[in-house]
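*Asks:* To start, I am sharing the structure in question, which I have written as structure tokens.
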Amino acid sequence: MKRGAQKILFVASEAYPLVKTGGLGDVAYSLPHALAARGADLRLLLPGYRALLRQLDKVRILGWLDVRGAEGIVSARILETRHPDFKFPLWVVDCPPLFDRPGNPYVNAGGQDWPDNAERFAVFARVAALLAADALELDWQPGVVHAHDWQTGLVAAFLADQPARPKTVFTIHNLAYGGYFSHGDFVRLQLPSYWWSSEGIEFHGGFSMLKAGIVYADAVTTVSPTYAREITTPEFGYGLDGLLLSRAYKLHGILNGIDTAIWNPSTDAFLPAHYSISRINPGKRRNKQALLERFGLAADEAALQEPLVGLVGRLVEQKGVDWVIAAIPTLLAETDVRFAILGSGQAIFEQKLTRLMKQHPGRVFVEIGYDEPLAHLIEAGSDIFLMPSRFEPCGLNQMYSLRYGTPPVVYRTGGLADTVVDTREAALADATANGFVFDTPDVAAFLAAIRRALELYRQPAVWRRVQQAGMGRSFDWHDSAGHYLSLYST
Ligand code: ADP
Ligand code: GLC
């Protein structure tokens, strides 16, 4: 390790490929790698979920930390491990009563929040704060603690009044998830009573762990410049817009990058055929064929000509899934389009999509679940990608689709607005147009944008230019990692 390298404790509740429920997992993997590549000395701290522990090979016990839980003291064993996918040590909080359980990190099998989430993530944050102060005397004290989303919001709060503490940076990946808990939880967890105020973490009679991060961190970031502006307005602020506006001096919008080694159409191990900007077809066509066959359609020449529209994502209102469900029958009636959809989320959306698949065999393909290889195949094998999110802090899927030559249709919001350039005359002329953007949050505007996409799809020369504009744009972490590093050191 280089002498004088910046020491950073990265604290997150998920990280690809060990545990991932969404884009946070991708970022908690790829950002620290980008920072490490620039010389940072990192540790990534994660909760010891059952599924995560099972993937670890050799672990070393760093020590034990006793912290306050909801009903007394909780003992956590701190593990260190080297994992082949990580270029820096992982630290894991092994606390079986809180984390050794099956399934999703945040919700039970019925999709309900784990009832003890307040305790789980308060304990995780207390442990993180102790490790940041080198409570185990490991002779490794970070200069910066970088925590992510509500699950780690209390880390900055626990550190705030410590002497000689590291700088704290808190990143909001999604303001819609505030980590709200009751006054009863606040009392049970014995959080400091002076936090209980509107200037602290109190929020409408309960408290918010996300708010704790905003109030107590030295710097707050979010994952795109446009979202950083949006969250200071009532429309996107979830009641925290006033607070965020008052903290504008320490709020920064830094666009996420993507892992360009994992998401690379010319090397992607999940794809049956590879392609690149200089030769998109026939590689892309072979992926389309594989995708159609994956869903049971014998992909003849005609089927390969007809447009295939893909979607991958959490099936929740944020993602505009209801608009997609409303648009599909109209589009099926007026064109020869097909849909390939992968996702899981709210039961109502899963049911409606499954019903559409049954009503339109051979035209609508739906896979409910989480499937990394299929996600890659849909990005590569579709012609057009749908991501009509009502709000989108950054969004990674649209960047993957741009890189895979699959122009996205997006609503002009957050990171979608910062990455997708609409296919209008001027942008087409200067070859920056890479997708289709609509400006009114409704089905009619969404449909109009898809129709524009389908029209251009029929003009191969123009279409190729749009694909190339997306594939040629750089979405790597280089610049953004530089922004974080300069934020850490100021
Ligand atoms: P969000 O974090 O809001 O869910 P992003 O676009 O930032 O949205 O990131 C979503 C990430 O999760 C992407 O890497 C995407 O490929 C992945 N993903 C979402 N749903 C699924 C799924 N059902 N199967 C596989 N990958 C998925
Ligand atoms: C959140 C956001 C998404 C963002 C991701 C990673 O899940 O919903 O827009 O890309 O975090 O920052």
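Just remember, in the structure tokens the first chain shown is A, the second B, etc., residues are 1-based per chain, and ligands are 1-based in the order shown.
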Which residues sit within 6 Å of ligand 1, counting only C-alpha atoms and all ligand atoms, listed as a list in words?
*Replies:*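 Written in the requested form, the residues are Gly22, Gly23, Leu24, Val312, Gly313, Arg314, Leu342, Gly343, Ser344, Gly369, Tyr370, Asp371, Glu372, Ala375, Gly395, Leu396 and Asn397 of chain A.
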*Asks:* Store the residues picked out above, limited to N, CA and C atoms, as a CSV table (one decimal), in the first residue's frame.
*Replies:*
chain,number,residue,atom,x,y,z
A,22,GLY,N,-30.4,-3.6,-5.7
A,22,GLY,CA,-30.6,-2.5,-6.7
A,22,GLY,C,-29.3,-1.8,-7.0
A,23,GLY,N,-29.4,-0.6,-7.5
A,23,GLY,CA,-28.2,0.1,-7.9
A,23,GLY,C,-27.2,0.4,-6.8
A,24,LEU,N,-27.7,0.5,-5.6
A,24,LEU,CA,-26.8,0.8,-4.4
A,24,LEU,C,-25.7,-0.3,-4.4
A,312,VAL,N,-35.8,-3.8,-17.5
A,312,VAL,CA,-35.2,-4.6,-16.3
A,312,VAL,C,-35.4,-3.6,-15.1
A,313,GLY,N,-35.9,-4.1,-14.0
A,313,GLY,CA,-35.9,-3.2,-12.9
A,313,GLY,C,-36.9,-3.6,-11.8
A,314,ARG,N,-36.8,-2.8,-10.7
A,314,ARG,CA,-37.7,-3.1,-9.6
A,314,ARG,C,-39.1,-2.6,-10.1
A,342,LEU,N,-38.1,-8.0,-17.3
A,342,LEU,CA,-37.6,-8.7,-16.1
A,342,LEU,C,-37.7,-7.8,-14.9
A,343,GLY,N,-38.3,-8.4,-13.8
A,343,GLY,CA,-38.3,-7.5,-12.6
A,343,GLY,C,-39.0,-8.2,-11.5
A,344,SER,N,-38.9,-7.6,-10.3
A,344,SER,CA,-39.8,-8.1,-9.2
A,344,SER,C,-40.1,-6.9,-8.4
A,369,GLY,N,-38.8,-12.0,-11.1
A,369,GLY,CA,-37.7,-12.6,-10.3
A,369,GLY,C,-36.4,-11.7,-10.4
A,370,TYR,N,-35.3,-12.2,-9.9
A,370,TYR,CA,-34.1,-11.5,-10.0
A,370,TYR,C,-33.1,-12.4,-10.7
A,371,ASP,N,-32.6,-11.9,-11.9
A,371,ASP,CA,-31.8,-12.8,-12.7
A,371,ASP,C,-30.7,-12.0,-13.4
A,372,GLU,N,-29.5,-12.1,-12.9
A,372,GLU,CA,-28.4,-11.3,-13.4
A,372,GLU,C,-28.1,-11.6,-14.9
A,375,ALA,N,-30.7,-10.2,-17.1
A,375,ALA,CA,-30.6,-8.7,-17.2
A,375,ALA,C,-29.6,-8.3,-18.3
A,395,GLY,N,-29.9,6.1,-11.7
A,395,GLY,CA,-30.3,5.1,-12.7
A,395,GLY,C,-29.1,4.5,-13.3
A,396,LEU,N,-28.9,3.2,-13.3
A,396,LEU,CA,-27.8,2.6,-13.9
A,396,LEU,C,-28.3,1.9,-15.2
A,397,ASN,N,-29.5,1.4,-15.1
A,397,ASN,CA,-30.0,0.6,-16.3
A,397,ASN,C,-29.9,1.3,-17.6
*Asks:* Would you tabulate, counting only C-alpha atoms, all residues of range 223-299 of chain A that have an atom at most 9 Å from an atom of range 161-185 of chain A, showing the closest pair of atoms and their distance in Å to one decimal, sorted by chain then ascending number, as CSV?
*Replies:*
residue,atom,partner,partner_atom,distance
A:Val223,CA,A:His173,CA,6.1
A:Ile231,CA,A:Leu175,CA,7.7
A:Phe236,CA,A:Leu175,CA,8.1
A:Gly237,CA,A:Leu175,CA,7.2
A:Tyr238,CA,A:Ala176,CA,6.8
A:Leu240,CA,A:Leu175,CA,8.6
*Asks:* For the selection just defined, write its residues with N, CA and C atoms to a file, as a tab-separated table (two decimals), in the first residue's frame.
*Replies:*
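Dumped everything to part25.tsv:
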chain	number	residue	atom	x	y	z
A	223	VAL	N	-26.66	11.21	-6.26
A	223	VAL	CA	-26.00	10.49	-7.34
A	223	VAL	C	-26.18	11.08	-8.74
A	231	ILE	N	-34.20	17.38	-5.24
A	231	ILE	CA	-34.56	17.06	-3.85
A	231	ILE	C	-34.65	18.29	-2.95
A	236	PHE	N	-40.01	16.61	-5.03
A	236	PHE	CA	-39.14	15.43	-4.91
A	236	PHE	C	-38.56	15.26	-3.50
A	237	GLY	N	-38.92	16.18	-2.60
A	237	GLY	CA	-38.20	16.27	-1.33
A	237	GLY	C	-38.69	15.40	-0.19
A	238	TYR	N	-39.86	14.76	-0.31
A	238	TYR	CA	-40.41	13.90	0.77
A	238	TYR	C	-40.37	14.60	2.12
A	240	LEU	N	-38.24	16.60	3.16
A	240	LEU	CA	-36.87	16.94	3.59
A	240	LEU	C	-36.28	18.04	2.72
*Asks:* What is the distance between CA of Leu159 in chain A and CA of Val215 in chain A, in Å to one decimal?
*Replies:*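 Computing the Euclidean distance for CA of Leu159 in chain A and CA of Val215 in chain A yields 12.1 Å.
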*Asks:* Within 9 Å of Leu377 in chain A, counting only C-alpha atoms, which residues show up once you throw out same-chain ones fewer than 5 positions away? Write them as a count of residues only, please.
*Replies:* 9
*Asks:* Between A:Ala429, A:Cys394, A:Ala333, A:Ala273, which residue has the minimum interatomic distance to ligand 2, considering only C-alpha atoms and all ligand atoms?
*Replies:*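 Checking each candidate against ligand 2, we get A:Cys394 as the closest.
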*Asks:* Where does DSSP see helix (DSSP H, G or I) in range 51-187 of chain A, if you list the residues as a count of residues only?
*Replies:* 40
*Asks:* For a test of reading the model, state the distance in Å between CA of Leu52 in chain A and CA of Phe10 in chain A, rounded to one decimal.
*Replies:*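 According to the coordinates, CA of Leu52 in chain A and CA of Phe10 in chain A are separated by 17.0 Å.
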*Asks:* Please compute the CA of Asp116 in chain A-CA of Ala135 in chain A distance, one decimal, in Å.
*Replies:*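 Separating CA of Asp116 in chain A from CA of Ala135 in chain A is a distance of 25.6 Å.
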*Asks:* Can you pull out every residue from range 214-303 of chain A that DSSP, working from the backbone, puts in strand (DSSP E), and format the result as a list in words?
*Replies:* Ala219, Val220, Thr221, Thr222, Leu251, His252 and Gly253 of chain A
*Asks:* Now that the selection is made, can you save its residues with all heavy atoms as a JSON list (two decimals), in the first residue's frame?
*Replies:*
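selection29.json was written with the following content:
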[["chain", "number", "residue", "atom", "x", "y", "z"],
["A", 219, "ALA", "N", -20.37, 16.24, 4.65],
["A", 219, "ALA", "CA", -20.76, 16.49, 3.26],
["A", 219, "ALA", "C", -21.84, 15.48, 2.89],
["A", 219, "ALA", "O", -21.80, 14.33, 3.31],
["A", 219, "ALA", "CB", -19.56, 16.33, 2.33],
["A", 220, "VAL", "N", -22.82, 15.95, 2.14],
["A", 220, "VAL", "CA", -23.90, 15.07, 1.67],
["A", 220, "VAL", "C", -23.82, 15.06, 0.16],
["A", 220, "VAL", "O", -23.71, 16.11, -0.48],
["A", 220, "VAL", "CB", -25.27, 15.60, 2.13],
["A", 220, "VAL", "CG1", -26.40, 14.72, 1.60],
["A", 220, "VAL", "CG2", -25.33, 15.68, 3.65],
["A", 221, "THR", "N", -23.88, 13.89, -0.41],
["A", 221, "THR", "CA", -23.89, 13.83, -1.87],
["A", 221, "THR", "C", -25.12, 13.04, -2.31],
["A", 221, "THR", "O", -25.69, 12.26, -1.54],
["A", 221, "THR", "CB", -22.63, 13.13, -2.46],
["A", 221, "THR", "OG1", -22.73, 11.73, -2.25],
["A", 221, "THR", "CG2", -21.35, 13.67, -1.85],
["A", 222, "THR", "N", -25.51, 13.29, -3.54],
["A", 222, "THR", "CA", -26.47, 12.41, -4.16],
["A", 222, "THR", "C", -25.96, 12.12, -5.57],
["A", 222, "THR", "O", -24.96, 12.67, -5.99],
["A", 222, "THR", "CB", -27.91, 12.95, -4.13],
["A", 222, "THR", "OG1", -28.77, 11.92, -4.61],
["A", 222, "THR", "CG2", -28.06, 14.21, -4.97],
["A", 251, "LEU", "N", -24.20, 20.09, -0.02],
["A", 251, "LEU", "CA", -24.87, 19.08, -0.86],
["A", 251, "LEU", "C", -24.25, 19.08, -2.26],
["A", 251, "LEU", "O", -24.17, 20.12, -2.90],
["A", 251, "LEU", "CB", -26.37, 19.40, -0.93],
["A", 251, "LEU", "CG", -27.23, 18.52, -1.82],
["A", 251, "LEU", "CD1", -27.24, 17.07, -1.34],
["A", 251, "LEU", "CD2", -28.67, 19.06, -1.86],
["A", 252, "HIS", "N", -23.84, 17.93, -2.72],
["A", 252, "HIS", "CA", -23.20, 17.81, -4.03],
["A", 252, "HIS", "C", -23.88, 16.72, -4.86],
["A", 252, "HIS", "O", -24.18, 15.66, -4.34],
["A", 252, "HIS", "CB", -21.72, 17.42, -3.88],
["A", 252, "HIS", "CG", -20.96, 18.29, -2.92],
["A", 252, "HIS", "ND1", -20.18, 19.35, -3.33],
["A", 252, "HIS", "CD2", -20.90, 18.28, -1.56],
["A", 252, "HIS", "CE1", -19.66, 19.93, -2.26],
["A", 252, "HIS", "NE2", -20.07, 19.30, -1.19],
["A", 253, "GLY", "N", -24.07, 16.99, -6.14],
["A", 253, "GLY", "CA", -24.60, 15.96, -7.05],
["A", 253, "GLY", "C", -23.45, 15.39, -7.86],
["A", 253, "GLY", "O", -22.85, 16.12, -8.66]]
*Asks:* If we count only C-alpha atoms and set the cut-off at 12 Å, which residues sit around Arg464 in chain A, ignoring sequence neighbours fewer than 6 positions away in its own chain? Please answer as an MDAnalysis selection string.
*Replies:* chainID A and resid 276:281 284 383 405:407 428 431 433:435 456:458 470:472
*Asks:* Measuring atom to atom with only C-alpha atoms, identify which of A:Ala34, A:Ile328, A:Val366, A:Ile378 is nearest to Gln289 in chain A.
*Replies:* A:Ile378
*Asks:* Pick out the residues sitting within 9 Å of His33 in chain A, and hand them over as a list in words; count only C-alpha atoms, and ignore anything fewer than 5 positions along from it in its own chain.
*Replies:*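 Within the cut-off, the hits are Ala28, Arg38, Leu42, Phe86, Lys87 and Phe88 of chain A.
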*Asks:* Export all heavy atoms of the chosen residues as a short mmCIF file (atom, residue, chain, number, x, y, z; two decimals), in the first residue's frame?
*Replies:*
data_model
loop_
_atom_site.label_atom_id
_atom_site.label_comp_id
_atom_site.auth_asym_id
_atom_site.auth_seq_id
_atom_site.Cartn_x
_atom_site.Cartn_y
_atom_site.Cartn_z
N ALA A 28 -21.80 0.37 -4.49
CA ALA A 28 -20.96 0.02 -3.33
C ALA A 28 -19.86 -0.97 -3.72
O ALA A 28 -18.95 -1.23 -2.94
CB ALA A 28 -21.82 -0.55 -2.21
N ARG A 38 -7.33 4.61 -7.75
CA ARG A 38 -6.64 5.90 -7.66
C ARG A 38 -5.81 6.01 -6.39
O ARG A 38 -5.45 7.10 -5.97
CB ARG A 38 -7.66 7.04 -7.74
CG ARG A 38 -8.18 7.25 -9.14
CD ARG A 38 -9.40 8.13 -9.11
NE ARG A 38 -9.54 8.83 -10.37
CZ ARG A 38 -9.35 10.13 -10.52
NH1 ARG A 38 -8.99 10.88 -9.51
NH2 ARG A 38 -9.53 10.69 -11.69
N LEU A 42 -8.74 1.32 1.31
CA LEU A 42 -10.15 1.17 1.68
C LEU A 42 -10.46 -0.06 2.49
O LEU A 42 -9.81 -1.10 2.34
CB LEU A 42 -10.96 1.00 0.39
CG LEU A 42 -11.42 2.24 -0.30
CD1 LEU A 42 -11.32 2.06 -1.79
CD2 LEU A 42 -12.87 2.48 0.06
N PHE A 86 -13.00 -8.58 -4.78
CA PHE A 86 -12.71 -7.27 -4.17
C PHE A 86 -11.21 -7.07 -4.04
O PHE A 86 -10.50 -7.95 -3.55
CB PHE A 86 -13.37 -7.17 -2.78
CG PHE A 86 -14.87 -7.06 -2.85
CD1 PHE A 86 -15.64 -8.21 -2.97
CD2 PHE A 86 -15.50 -5.83 -2.83
CE1 PHE A 86 -17.03 -8.13 -3.05
CE2 PHE A 86 -16.89 -5.73 -2.91
CZ PHE A 86 -17.65 -6.89 -3.02
N LYS A 87 -10.78 -5.90 -4.44
CA LYS A 87 -9.34 -5.62 -4.43
C LYS A 87 -8.87 -5.03 -3.10
O LYS A 87 -7.75 -4.56 -2.98
CB LYS A 87 -8.99 -4.68 -5.57
CG LYS A 87 -9.27 -5.27 -6.93
CD LYS A 87 -8.41 -4.67 -8.01
CE LYS A 87 -8.32 -5.52 -9.26
NZ LYS A 87 -9.54 -6.18 -9.69
N PHE A 88 -9.76 -4.98 -2.12
CA PHE A 88 -9.41 -4.43 -0.81
C PHE A 88 -10.13 -5.31 0.23
O PHE A 88 -11.03 -6.07 -0.12
CB PHE A 88 -9.87 -2.97 -0.71
CG PHE A 88 -11.21 -2.73 -1.33
CD1 PHE A 88 -12.37 -3.07 -0.65
CD2 PHE A 88 -11.33 -2.23 -2.62
CE1 PHE A 88 -13.61 -2.88 -1.23
CE2 PHE A 88 -12.57 -2.05 -3.20
CZ PHE A 88 -13.71 -2.39 -2.51
#
*Asks:* I'd like the neighbourhood of Tyr484 in chain A as a list of chain:residue names, where a residue qualifies if any of its atoms comes within 10 Å (using only C-alpha atoms), though same-chain residues fewer than 3 positions away should be ignored.
*Replies:*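 Here the answer would be A:Leu31, A:Leu35, A:His146, A:Val169, A:Thr221, A:His252, A:Ile254, A:Asp479, A:Ser480, A:Ala481, A:Leu487, A:Tyr488, A:Ser489.
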